[in-house]
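Here is the file model-v5.csv (CSV, N, CA and C atoms and all ligand atoms).
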chain,number,residue,atom,x,y,z
A,1,MET,N,0.8,-1.2,0.0
A,1,MET,CA,0.0,0.0,0.0
A,1,MET,C,0.9,1.2,0.0
A,2,ARG,N,0.5,2.2,-0.8
A,2,ARG,CA,1.3,3.5,-0.9
A,2,ARG,C,0.8,4.4,0.2
A,3,LYS,N,1.7,5.0,0.9
A,3,LYS,CA,1.3,5.9,2.0
A,3,LYS,C,1.5,7.4,1.5
A,4,ASP,N,2.4,7.7,0.5
A,4,ASP,CA,2.5,9.0,0.0
A,4,ASP,C,1.3,9.3,-0.9
A,5,GLU,N,1.1,10.6,-1.2
A,5,GLU,CA,0.0,11.0,-2.0
A,5,GLU,C,0.4,11.3,-3.5
A,6,GLU,N,1.4,10.6,-3.9
A,6,GLU,CA,1.9,10.8,-5.3
A,6,GLU,C,0.8,10.2,-6.3
A,7,PRO,N,0.5,11.0,-7.4
A,7,PRO,CA,-0.6,10.4,-8.2
A,7,PRO,C,-0.1,9.2,-9.1
A,8,VAL,N,-1.0,8.3,-9.2
A,8,VAL,CA,-0.7,7.0,-9.9
A,8,VAL,C,-1.3,7.3,-11.3
A,9,PRO,N,-0.5,6.9,-12.4
A,9,PRO,CA,-1.0,7.1,-13.8
A,9,PRO,C,-2.2,6.2,-14.0
A,10,LEU,N,-3.3,6.8,-14.4
A,10,LEU,CA,-4.5,6.1,-14.7
A,10,LEU,C,-5.2,6.7,-15.9
A,11,PRO,N,-5.9,5.8,-16.7
A,11,PRO,CA,-6.6,6.4,-17.9
A,11,PRO,C,-7.7,7.4,-17.4
A,12,LYS,N,-7.8,8.5,-18.2
A,12,LYS,CA,-8.7,9.5,-17.8
A,12,LYS,C,-10.2,9.1,-18.1
A,13,ARG,N,-10.3,8.5,-19.2
A,13,ARG,CA,-11.7,8.1,-19.7
A,13,ARG,C,-11.8,6.6,-19.9
A,14,ARG,N,-12.9,6.1,-19.7
A,14,ARG,CA,-13.2,4.7,-20.0
A,14,ARG,C,-13.3,4.5,-21.5
A,15,HIS,N,-12.6,3.4,-22.1
A,15,HIS,CA,-12.7,3.2,-23.5
A,15,HIS,C,-14.1,2.5,-23.8
A,16,SER,N,-14.6,2.9,-25.0
A,16,SER,CA,-15.9,2.3,-25.4
A,16,SER,C,-15.8,0.9,-25.7
A,17,VAL,N,-16.9,0.1,-25.7
A,17,VAL,CA,-16.9,-1.3,-26.0
A,17,VAL,C,-16.4,-1.5,-27.4
A,18,SER,N,-16.9,-0.5,-28.3
A,18,SER,CA,-16.5,-0.6,-29.7
A,18,SER,C,-14.9,-0.5,-29.8
A,19,ARG,N,-14.3,0.4,-29.1
A,19,ARG,CA,-12.9,0.5,-29.2
A,19,ARG,C,-12.2,-0.7,-28.6
A,20,GLN,N,-12.7,-1.2,-27.5
A,20,GLN,CA,-12.2,-2.5,-26.9
A,20,GLN,C,-12.3,-3.6,-27.9
A,21,ASN,N,-13.4,-3.8,-28.6
A,21,ASN,CA,-13.6,-4.9,-29.5
A,21,ASN,C,-12.7,-4.7,-30.7
A,22,LYS,N,-12.5,-3.5,-31.2
A,22,LYS,CA,-11.5,-3.2,-32.3
A,22,LYS,C,-10.1,-3.7,-31.9
A,23,ARG,N,-9.7,-3.4,-30.7
A,23,ARG,CA,-8.4,-3.8,-30.2
A,23,ARG,C,-8.3,-5.3,-30.2
A,24,ARG,N,-9.4,-6.0,-29.7
A,24,ARG,CA,-9.3,-7.5,-29.6
A,24,ARG,C,-9.5,-8.1,-30.9
A,25,ALA,N,-10.0,-7.4,-31.9
A,25,ALA,CA,-10.2,-8.0,-33.2
A,25,ALA,C,-8.8,-8.3,-33.9
A,26,ASN,N,-7.8,-7.5,-33.6
A,26,ASN,CA,-6.5,-7.7,-34.2
A,26,ASN,C,-5.7,-8.7,-33.5
A,27,TRP,N,-6.3,-9.9,-33.4
A,27,TRP,CA,-5.6,-11.0,-32.6
A,27,TRP,C,-6.0,-12.2,-33.4
A,28,LYS,N,-5.1,-12.6,-34.3
A,28,LYS,CA,-5.4,-13.8,-35.2
A,28,LYS,C,-4.3,-14.8,-35.2
A,29,ALA,N,-4.7,-16.0,-35.4
A,29,ALA,CA,-3.7,-17.1,-35.6
A,29,ALA,C,-3.2,-17.1,-37.0
A,30,LYS,N,-1.9,-17.3,-37.2
A,30,LYS,CA,-1.3,-17.3,-38.5
A,30,LYS,C,-1.0,-18.7,-39.0
A,31,ALA,N,-1.2,-18.9,-40.3
A,31,ALA,CA,-0.9,-20.2,-40.8
A,31,ALA,C,0.6,-20.5,-40.8
A,32,PRO,N,1.1,-21.7,-40.5
A,32,PRO,CA,2.5,-22.0,-40.5
A,32,PRO,C,3.1,-21.8,-41.8
A,33,ASN,N,4.4,-21.3,-41.8
A,33,ASN,CA,5.1,-21.0,-43.1
A,33,ASN,C,5.6,-22.3,-43.7
A,34,LEU,N,4.8,-23.0,-44.5
A,34,LEU,CA,5.2,-24.3,-45.0
A,34,LEU,C,5.9,-24.0,-46.4
A,35,ILE,N,7.0,-24.6,-46.6
A,35,ILE,CA,7.7,-24.5,-47.9
A,35,ILE,C,8.0,-26.0,-48.4
A,36,PRO,N,8.1,-26.2,-49.7
A,36,PRO,CA,8.5,-27.5,-50.2
A,36,PRO,C,10.0,-27.8,-49.9
A,37,CYS,N,10.3,-29.0,-49.4
A,37,CYS,CA,11.6,-29.4,-49.1
A,37,CYS,C,12.4,-29.5,-50.4
A,38,PRO,N,13.6,-28.9,-50.5
A,38,PRO,CA,14.4,-28.9,-51.8
A,38,PRO,C,14.9,-30.3,-52.1
A,39,ASP,N,14.9,-31.2,-51.1
A,39,ASP,CA,15.4,-32.6,-51.3
A,39,ASP,C,14.4,-33.6,-51.7
A,40,CYS,N,13.2,-33.5,-51.0
A,40,CYS,CA,12.2,-34.6,-51.2
A,40,CYS,C,10.8,-34.0,-51.6
A,41,ARG,N,10.7,-32.7,-51.7
A,41,ARG,CA,9.5,-32.0,-52.2
A,41,ARG,C,8.3,-32.0,-51.2
A,42,ALA,N,8.5,-32.7,-50.0
A,42,ALA,CA,7.5,-32.7,-49.0
A,42,ALA,C,7.4,-31.3,-48.4
A,43,LEU,N,6.1,-30.9,-48.0
A,43,LEU,CA,6.0,-29.6,-47.3
A,43,LEU,C,6.6,-29.6,-45.9
A,44,LYS,N,7.4,-28.6,-45.6
A,44,LYS,CA,8.0,-28.6,-44.2
A,44,LYS,C,8.0,-27.2,-43.7
A,45,LEU,N,8.3,-27.0,-42.4
A,45,LEU,CA,8.4,-25.7,-41.9
A,45,LEU,C,9.7,-25.0,-42.3
A,46,ALA,N,9.6,-23.7,-42.7
A,46,ALA,CA,10.8,-23.0,-43.1
A,46,ALA,C,11.9,-22.9,-42.0
A,47,HIS,N,13.1,-22.9,-42.3
A,47,HIS,CA,14.3,-22.8,-41.3
A,47,HIS,C,14.3,-24.0,-40.4
A,48,GLN,N,13.7,-25.2,-40.7
A,48,GLN,CA,13.8,-26.3,-39.9
A,48,GLN,C,14.1,-27.6,-40.7
A,49,ALA,N,14.7,-28.6,-40.1
A,49,ALA,CA,15.0,-29.8,-40.8
A,49,ALA,C,13.7,-30.5,-41.3
A,50,CYS,N,13.8,-31.1,-42.5
A,50,CYS,CA,12.6,-31.7,-43.0
A,50,CYS,C,12.3,-33.0,-42.2
A,51,PRO,N,11.0,-33.1,-41.8
A,51,PRO,CA,10.6,-34.3,-41.0
A,51,PRO,C,10.5,-35.6,-41.8
A,52,ALA,N,10.4,-35.4,-43.2
A,52,ALA,CA,10.3,-36.6,-44.1
A,52,ALA,C,11.6,-37.2,-44.4
A,53,CYS,N,12.6,-36.3,-44.8
A,53,CYS,CA,13.9,-36.9,-45.2
A,53,CYS,C,15.1,-36.5,-44.2
A,54,GLY,N,14.8,-35.6,-43.3
A,54,GLY,CA,15.9,-35.3,-42.3
A,54,GLY,C,17.0,-34.4,-42.8
A,55,ASN,N,16.8,-33.8,-44.0
A,55,ASN,CA,17.8,-32.9,-44.5
A,55,ASN,C,17.6,-31.5,-44.2
A,56,TYR,N,18.7,-30.7,-44.0
A,56,TYR,CA,18.7,-29.3,-43.9
A,56,TYR,C,19.9,-28.7,-44.5
A,57,ALA,N,19.8,-27.6,-45.3
A,57,ALA,CA,20.9,-27.0,-46.0
A,57,ALA,C,21.7,-28.0,-46.8
A,58,GLY,N,20.9,-28.9,-47.5
A,58,GLY,CA,21.6,-29.8,-48.4
A,58,GLY,C,22.3,-31.0,-47.8
A,59,ARG,N,22.2,-31.2,-46.5
A,59,ARG,CA,22.8,-32.4,-45.9
A,59,ARG,C,21.9,-33.0,-44.9
A,60,GLN,N,22.2,-34.3,-44.6
A,60,GLN,CA,21.4,-35.1,-43.6
A,60,GLN,C,21.8,-34.6,-42.2
A,61,VAL,N,20.8,-34.1,-41.5
A,61,VAL,CA,21.1,-33.7,-40.1
A,61,VAL,C,20.3,-34.5,-39.1
A,62,VAL,N,19.2,-35.1,-39.5
A,62,VAL,CA,18.4,-35.9,-38.5
A,62,VAL,C,18.2,-37.3,-39.2
A,63,GLU,N,18.4,-38.4,-38.4
A,63,GLU,CA,18.2,-39.7,-38.8
A,63,GLU,C,16.7,-40.0,-38.9
A,64,ILE,N,16.2,-40.6,-40.0
A,64,ILE,CA,14.8,-40.9,-40.1
A,64,ILE,C,14.5,-42.3,-39.8
A,65,LYS,N,13.6,-42.5,-38.8
A,65,LYS,CA,13.2,-43.9,-38.4
A,65,LYS,C,12.2,-44.4,-39.4
A,66,PRO,N,12.3,-45.7,-39.9
A,66,PRO,CA,11.3,-46.1,-40.9
A,66,PRO,C,9.9,-46.2,-40.5
A,67,HIS,N,9.6,-46.3,-39.2
A,67,HIS,CA,8.2,-46.4,-38.8
A,67,HIS,C,7.6,-45.0,-38.4
A,68,ILE,N,8.2,-43.9,-39.0
A,68,ILE,CA,7.7,-42.6,-38.6
A,68,ILE,C,6.4,-42.3,-39.4
A,69,HIS,N,6.2,-42.9,-40.6
A,69,HIS,CA,5.0,-42.7,-41.4
A,69,HIS,C,3.9,-43.5,-40.9
A,70,ARG,N,2.9,-42.9,-40.2
A,70,ARG,CA,1.7,-43.7,-39.7
A,70,ARG,C,0.6,-43.3,-40.7
A,71,GLY,N,-0.4,-44.2,-40.9
A,71,GLY,CA,-1.5,-43.9,-41.7
A,71,GLY,C,-1.2,-44.0,-43.2
A,72,ARG,N,-1.7,-43.0,-43.9
A,72,ARG,CA,-1.5,-43.0,-45.4
A,72,ARG,C,0.0,-42.8,-45.7
A,73,SER,N,0.5,-43.6,-46.7
A,73,SER,CA,1.8,-43.4,-47.3
A,73,SER,C,2.2,-44.6,-48.2
B,101,ZN,ZN,12.8,-33.5,-47.2
Conversion result in structure tokens:
Amino acid sequence: MRKDEEPVPLPKRRHSVSRQNKRRANWKAKAPNLIPCPDCRALKLAHQACPACGNYAGRQVVEIKPHIHRGRS
């Protein structure tokens, strides 16, 4: 608790519901930046090793286990 009488910064006016809703409307989920892998053409996240072939920057960086493909393939 403050004992001195120093003013605390506070908004002078209440914001309207319209203004509050406009602020909250600018809050969206973005689609992941998928790019085709230059080695195997599968879609992968940019700047990350390909989960299908394990390559990054033209060389193998992750070992791919054969049972990683579940379901269709
Ligand atoms: Zn790949």
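With a cut-off of 8 Å and using only N, CA and C atoms and all ligand atoms, the polymer residues contacting ligand ZN 101 (chain B) are Pro36, Cys37, Pro38, Asp39, Cys40, Arg41, Ala42, Leu43, Lys44, Ala49, Cys50, Pro51, Ala52, Cys53, Gly54, Asn55 and Tyr56 of chain A.
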- Item | All strand (DSSP E or B) positions in chain A, as a PyMOL selection string | chain A and resi 34-36+43-45+55-56+59-60
- Query: To one decimal place, how far is atom N of Val62 of chain A from atom CA of Ala46 of chain A in Å?
  - Reply: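 Calculated distance between atom N of Val62 of chain A and atom CA of Ala46 of chain A is 15.2 Å.
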- Message: What does the structure give for the distance between atom CA of Arg59 of chain A and atom C of Leu45 of chain A, in Å to one decimal?
- Response: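 Spanning atom CA of Arg59 of chain A to atom C of Leu45 of chain A is a straight-line distance of 15.5 Å.
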- Once DSSP has gone over the backbone, tell me which residues of chain A are in alpha helix (DSSP H), as a PyMOL selection string. chain A and resi 17-25
- Distance of atom CA of Leu34 of chain A from atom CA of Ala57 of chain A, expressed in Å to one decimal place: 16.0 Å
